[in-house]
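The structure appears right after this line, and notes come after that.
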Amino acid sequence: MKLSNLSLSALFASCIIARFVESNEGQIVLNLALEEPNFLIDIAGEQRWVTEEEKWDIKRGGEYFMDITNYRALGSINGAKAFTSSTRLPYPSKVSHKSTVLPIQKRLNKTNIQTHLEHFVTFHNRFWDSTYGAQSCRWLLSIINDIVAETGADKYGVVVKPFIHIWDQFSIIVTIPGKGEGTVVLGAHQDSANYKERYEGRAPGADDDGSGTMTILEVLRVLLSDEKVLQGEAENTIEFHWYSGEEGGLLGSQDVFSHYEKEGRDVKAMLQTDMTGFTQLTREAGRNPQFGLMMDIMDEALMNFTKLVIEEYTDLEWVETGCGKFCGSDHMSAIKAGYPGVCVTESEFKHCAVEHLHGPDDLIKYLDFDHMVDHAKYILGFAYELAFAKL
């Protein structure tokens with residue numbers, strides 16, 4: 001549908017996402033307009049206008065999209081830089097900080113990850129425009145604030161801020177200042193969704209992406225125990241991002257990186273951690289747990305560096321994998337904004353926990369917390385090496 005064919009009311013709704021309130025099972029649900037085709041989505045480069053229900057029909061059908069309704073300008077400033085060899089950064093060809101990183105790896109605590117995740121899945125769901133999603137992000141923010149306060153990092157200029165959207169579940173950003181404005185971003189998405197009953201349906205989201213959320217939370221805690229990082233001696237600033245609305249079409253990350261692009265932020269690297277805990281199918285295939293490198297949309301130079309870090313800081317193998325137009329994650333928003341991004345998941349894609357996702361069966365009982373610690377080990381190395389690299 002061409003823009004000229006839209007009614008004025010549909011255009012207005014698509015720009016501001018008008019919402020109305022209804023009640024479902026005792027919670028207040030913030031529903032988006034359902035009748036008009038007010039949502040512009042992008043599926044593997046194909047754009048089309050759809051209704052809210054059509055969006056979720058597409059999701060239920062197994063296809064992935066970016067909802068670009070309010071983010072059509074994303075990439076208009078920096079986007080031409082993406083994937084061009086002339087703009088690729090000189091990531092390190094070898095690691096330089098093993099003597100520091102390996103000892104602090106030992107501070108990673110599996111029990112912390114498990115304890116936090118056990119509470120996170122008690123929210124009925126974490127859908128981004130429901131009351132449950134609003135409650136879950138506030139709980140997560142309180143835990144992050146506690147970690148920063150307990151490490152004393154707030155006294156060194158480490159800042160925790162909610163990133164407010166036009167829906168109620170905010171994203172969260174922690175900034176650890178370095179010497180320069182260059183920024184290394186570590187991300188995960190905090191929301192969950194039941195694709196059949198998105199407002200009132202149960203969606204514990206233990207693996208997708210409670211596992212990634214709690215994995216990078218533990219990395220944050222350990223990273224803040226390093227005096228050089230805490231005192232701002234790193235070359236680059238480090239940020240931890242917990243995005244809202246990933247399941248709605250990368251909404252939170254598009255909002256964040258739209259602002260970063262407009263502000264001229266210098267993002268040197270973005271690592272998305274989406275699902276870190278399911279190893280059952282990999283083991284049933286006769287393999288040890290692996291890291292799945294999502295190769296569909298990524299920055300090649302940064303992915304090569306990620307392979308190096310995995311090899312140097314873990315005992316596990318990586319495997320290149322992908323899913324075409326049938327999945328994606330928040331690194332795609334960074335890449336569209338012209339920033340280098342990669343995504344690493346729990347295994348080769350065919351061995352991921354797909355059969356359990358986006359409904360009531362995404363449960364802790366299927367997860368391997370040792371594998372989450374494996375992810376935390378390389379993420380810690382990734383963060384530390386790039387924090388102190390001159391890029």
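Just remember, in the structure tokens the first chain shown is A, the second B, etc., residues are 1-based per chain, and ligands are 1-based in the order shown.
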
Contacts of region 238-246 of chain A at 6 Å (only C-alpha atoms; same-chain gap of 4+ positions) as a list in words =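 In the requested form, the answer reads Trp128, Phe170, Ser171, Ile172, Ile173, Val174, Thr175, Ile176, Thr183, Val184, Val185, Leu186, Gly187, Ala188, His189, Gln190, Asp191, Leu250, Leu251, Gly252 and Ser253 of chain A.
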
Determine, for each residue of region 322-375 of chain A having at least one atom at most 7 Å from an atom of region 274-280 of chain A, the closest pair of atoms and their separation in Å to one decimal, counting only C-alpha atoms; order by chain and ascending number, as CSV.
residue,atom,partner,partner_atom,distance
A:Val344,CA,A:Asp274,CA,6.7
A:Thr345,CA,A:Met275,CA,5.4
A:Glu346,CA,A:Thr276,CA,4.4
A:Cys352,CA,A:Phe278,CA,6.4
A:Ala353,CA,A:Phe278,CA,6.0
A:Tyr366,CA,A:Phe278,CA,6.5
A:Leu367,CA,A:Gly277,CA,4.8
A:Asp368,CA,A:Gly277,CA,5.0
A:Phe369,CA,A:Gly277,CA,6.2
A:His371,CA,A:Gly277,CA,5.8
A:Met372,CA,A:Thr276,CA,5.3
A:His375,CA,A:Thr276,CA,6.6

Which of region 139-376 of chain A DSSP labels alpha helix (DSSP H), written as JSON, numbers by chain = {"A": [139, 140, 141, 142, 143, 144, 145, 146, 147, 148, 149, 150, 151, 212, 213, 214, 215, 216, 217, 218, 219, 220, 221, 222, 223, 227, 228, 229, 230, 251, 252, 253, 254, 255, 256, 257, 258, 259, 260, 261, 262, 263, 280, 281, 282, 283, 284, 300, 301, 302, 303, 304, 305, 306, 307, 308, 309, 310, 311, 312, 313, 331, 332, 333, 334, 335, 336, 369, 370, 371, 372, 373, 374, 375, 376]}

task = Taking the DSSP assignment computed from this structure's backbone, write out as a ChimeraX atom specification all residues of region 307-361 of chain A that belong to strand (DSSP E).
result = /A:317-321,341-345

key: Selected residue, from A:Val373, A:Ile77, A:Leu117, A:Cys323, that lies nearest to Ala206 (chain A) when counting only C-alpha atoms   = A:Leu117
